[in-house]
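Colleague: First the structure, which I've put down as structure tokens, then a few questions once you've had a look.
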Amino acid sequence: MSVRTRLTLVYGSLFLITTGALVGVTYLLTKRTLDAQFAPRAIQISGRDTGPLPLTLDQIAVLREQAEQGIAEQKAQALQQILHGSLATLVVLGVLAVLIGYLVAGRMLRPLHTVTATARRLSESTLHERIALDGPQDEVKDLADTFDRMLDRLHRAFDAQRRFVANASHELRTPLTINRTVLEVALASSKNPPETKALADVLLGNTARHERLIEGLLLLARSERELRDVTDTALPDVARSALDQVEHLAEGVEVSTRLGEATVFGDPVLLERCAVNLLENALKYNLPEDGRVWLSTGRENGAAVLRVANTGRPVPSYEIGTLFEPFRRLRGDRVRSAEGAGLGLSIVRAVAHAHGGTVEAVPRDDGGLTVTVRLPAR
């Protein structure tokens, strides 16, 4: 139950208990008063001027019994009327108390609804909004002010992150681009000895790996932020574009596709990068001979699905969770940088979460993995 409902029940219960006790006390006091006022007394029956009436003792006893019976009936009727009236009043006032308690609880909780609505509206692009709650400096006002101060810190942190990503994109790529250009010129020059060209070729490979690492880090940072350029995107188109980009890696590997219709609302560039990373992993970590990759899209249980499966080495189930961590590879290998930076599946998970989806990896019985990305379908 909501806080408003619980408060209403508490208000109503306390009111019913107190008013019930009040009705009980009033009833007992009234009964005691009536008993005291109408207590049996000696009845004297006399004539006016002619002396005592000729009544026998039996007649006097009958008259007294009838009088006492009439008094008891009147007293019972009076108590019954009081009790019925009190109970009716109790019911009416109880209903009114519950309604008033419900309205009062809503009024008291309205500032909390303001805090909740503001928190739901907040995103990376709307962190400038504040609650700015007016009213007395009570507990709710303290909560709203604390929330506003937290938003100030978050806003500064996100601004710092955006500036860092923008600066890193320029400061890290520029030197590597210059180095790659110098090395390519050195390789193309006929004046350099073979030893220099061999060294330049090695350095050029290292530079390419560093460029891929930086690109992966920047892409991971972007995919973990709020989506901005979103549109209706067909997953089959994303899968075909990703296949074209990894075609050079598919030599000796049979790729099977089954592209069913599925549309999601998201960033096409990030979704394409997600599919590319899945295919790159499936092709790189495959069998040297008779390797296979299965790529499929479609809808399952109301969700859009992108699934990539491959043959390869057996994957222990206890290592599945670590594969989605940055810089982690199968069996904890962090050294084989020639195979990649270890960011592929981390980016896949970040992209899936940014689109409100999930990613799941399951080992195949014959070796390799089946990775499934589920996204909200349009």
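Ligands are numbered from 1 in the order shown, residues from 1 within each chain, and chains are lettered A, B, ... in the order they appear in the structure tokens.
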Excluding Thr257 (chain A) and residues on its chain fewer than 6 positions from it, collect all residues at most 6 Å away from it, counting only C-alpha atoms, and give them as a list of chain:residue names.

Modeller: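 Here the answer would be A:Trp294, A:Leu295, A:Ser296.
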
Colleague: Skipping near chain neighbours, those fewer than 4 positions away, what residues fall within 8 Å of Leu271 (chain A) using only C-alpha atoms, listed as a list in words?

Modeller: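 Final neighbour list, sorted by chain and number: Val238, Gly266, Asp267, Ala275 and Val351 of chain A.
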
Colleague: Using the selection just defined, write its residues with all heavy atoms as a compact mmCIF listing (two decimals), in the first residue's frame.

Modeller:
# COMPACT_ATOMS: atom_id res chain seq x y z
N VAL A 238 20.53 -2.72 -39.57
CA VAL A 238 21.73 -2.61 -38.72
C VAL A 238 22.60 -3.85 -38.90
O VAL A 238 23.84 -3.75 -39.01
CB VAL A 238 21.30 -2.45 -37.25
CG1 VAL A 238 22.51 -2.57 -36.32
CG2 VAL A 238 20.62 -1.11 -37.04
N GLY A 266 16.01 4.03 -31.17
CA GLY A 266 17.32 4.21 -30.57
C GLY A 266 18.28 4.93 -31.48
O GLY A 266 17.92 5.48 -32.52
N ASP A 267 19.55 4.91 -31.06
CA ASP A 267 20.62 5.56 -31.80
C ASP A 267 21.16 4.58 -32.84
O ASP A 267 21.76 3.55 -32.48
CB ASP A 267 21.74 5.96 -30.82
CG ASP A 267 22.81 6.82 -31.48
OD1 ASP A 267 23.07 6.62 -32.68
OD2 ASP A 267 23.38 7.68 -30.79
N ALA A 275 26.18 -4.29 -32.99
CA ALA A 275 26.18 -5.46 -33.89
C ALA A 275 27.58 -5.75 -34.42
O ALA A 275 27.98 -6.92 -34.53
CB ALA A 275 25.21 -5.22 -35.04
N VAL A 351 25.44 -0.28 -24.58
CA VAL A 351 24.46 0.14 -25.59
C VAL A 351 23.10 -0.46 -25.28
O VAL A 351 22.06 0.21 -25.39
CB VAL A 351 24.95 -0.27 -26.99
CG1 VAL A 351 23.86 -0.03 -28.03
CG2 VAL A 351 26.20 0.51 -27.37

Colleague: For region 290-292 of chain A, please output as a PDB file with N, CA and C atoms, in the first residue's frame all residues within 8 Å (counting only C-alpha atoms; exclusion window: fewer than 6 positions along the same chain).

Modeller:
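File around_28.pdb, as written:
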ATOM      1  N   GLY A 252      37.216 -17.711 -44.349  1.00  0.00           N
ATOM      2  CA  GLY A 252      37.293 -19.050 -43.787  1.00  0.00           C
ATOM      3  C   GLY A 252      36.197 -19.358 -42.791  1.00  0.00           C
ATOM      4  N   VAL A 253      35.278 -18.425 -42.564  1.00  0.00           N
ATOM      5  CA  VAL A 253      34.182 -18.645 -41.614  1.00  0.00           C
ATOM      6  C   VAL A 253      32.870 -18.518 -42.370  1.00  0.00           C
ATOM      7  N   GLU A 254      32.009 -19.487 -42.191  1.00  0.00           N
ATOM      8  CA  GLU A 254      30.701 -19.459 -42.842  1.00  0.00           C
ATOM      9  C   GLU A 254      29.725 -18.659 -41.980  1.00  0.00           C
ATOM     10  N   VAL A 255      29.123 -17.633 -42.576  1.00  0.00           N
ATOM     11  CA  VAL A 255      28.197 -16.759 -41.868  1.00  0.00           C
ATOM     12  C   VAL A 255      26.788 -17.026 -42.382  1.00  0.00           C
ATOM     13  N   SER A 256      25.898 -17.405 -41.495  1.00  0.00           N
ATOM     14  CA  SER A 256      24.494 -17.651 -41.837  1.00  0.00           C
ATOM     15  C   SER A 256      23.637 -16.557 -41.213  1.00  0.00           C
ATOM     16  N   ASN A 310      28.347 -18.370 -32.393  1.00  0.00           N
ATOM     17  CA  ASN A 310      29.539 -18.789 -33.141  1.00  0.00           C
ATOM     18  C   ASN A 310      30.081 -20.095 -32.588  1.00  0.00           C
ATOM     19  N   THR A 311      30.844 -20.768 -33.414  1.00  0.00           N
ATOM     20  CA  THR A 311      31.627 -21.912 -32.949  1.00  0.00           C
ATOM     21  C   THR A 311      32.930 -21.389 -32.363  1.00  0.00           C
ATOM     22  N   GLY A 312      33.608 -22.218 -31.593  1.00  0.00           N
ATOM     23  CA  GLY A 312      34.854 -21.787 -30.982  1.00  0.00           C
ATOM     24  C   GLY A 312      35.219 -22.669 -29.817  1.00  0.00           C
TER      25      GLY A 312
END

Colleague: Excluding Val95 (chain A) and its own-chain neighbours fewer than 6 positions away, which residues fall within 12 Å of it when counting only C-alpha atoms? Please give them as a list in words.

Modeller: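 Skipping anything fewer than 6 positions along the chain leaves Thr8, Leu9, Tyr11, Gly12, Ser13, Phe15, Leu16, Ala88, Thr89, Gly101 and Tyr102 of chain A.
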
Colleague: Using DSSP on the backbone, list every residue of region 143-346 of chain A that comes out as strand (DSSP E), and give them as a PyMOL selection string.

Modeller: chain A and resi 231-234+253-259+263-266+291-300+303-310

Colleague: Excluding Ser2 (chain A) and residues on its chain fewer than 2 positions from it, collect all residues at most 12 Å away from it, counting only C-alpha atoms, and give them as a ChimeraX atom specification.

Modeller: /A:4-9,102,105-106,109
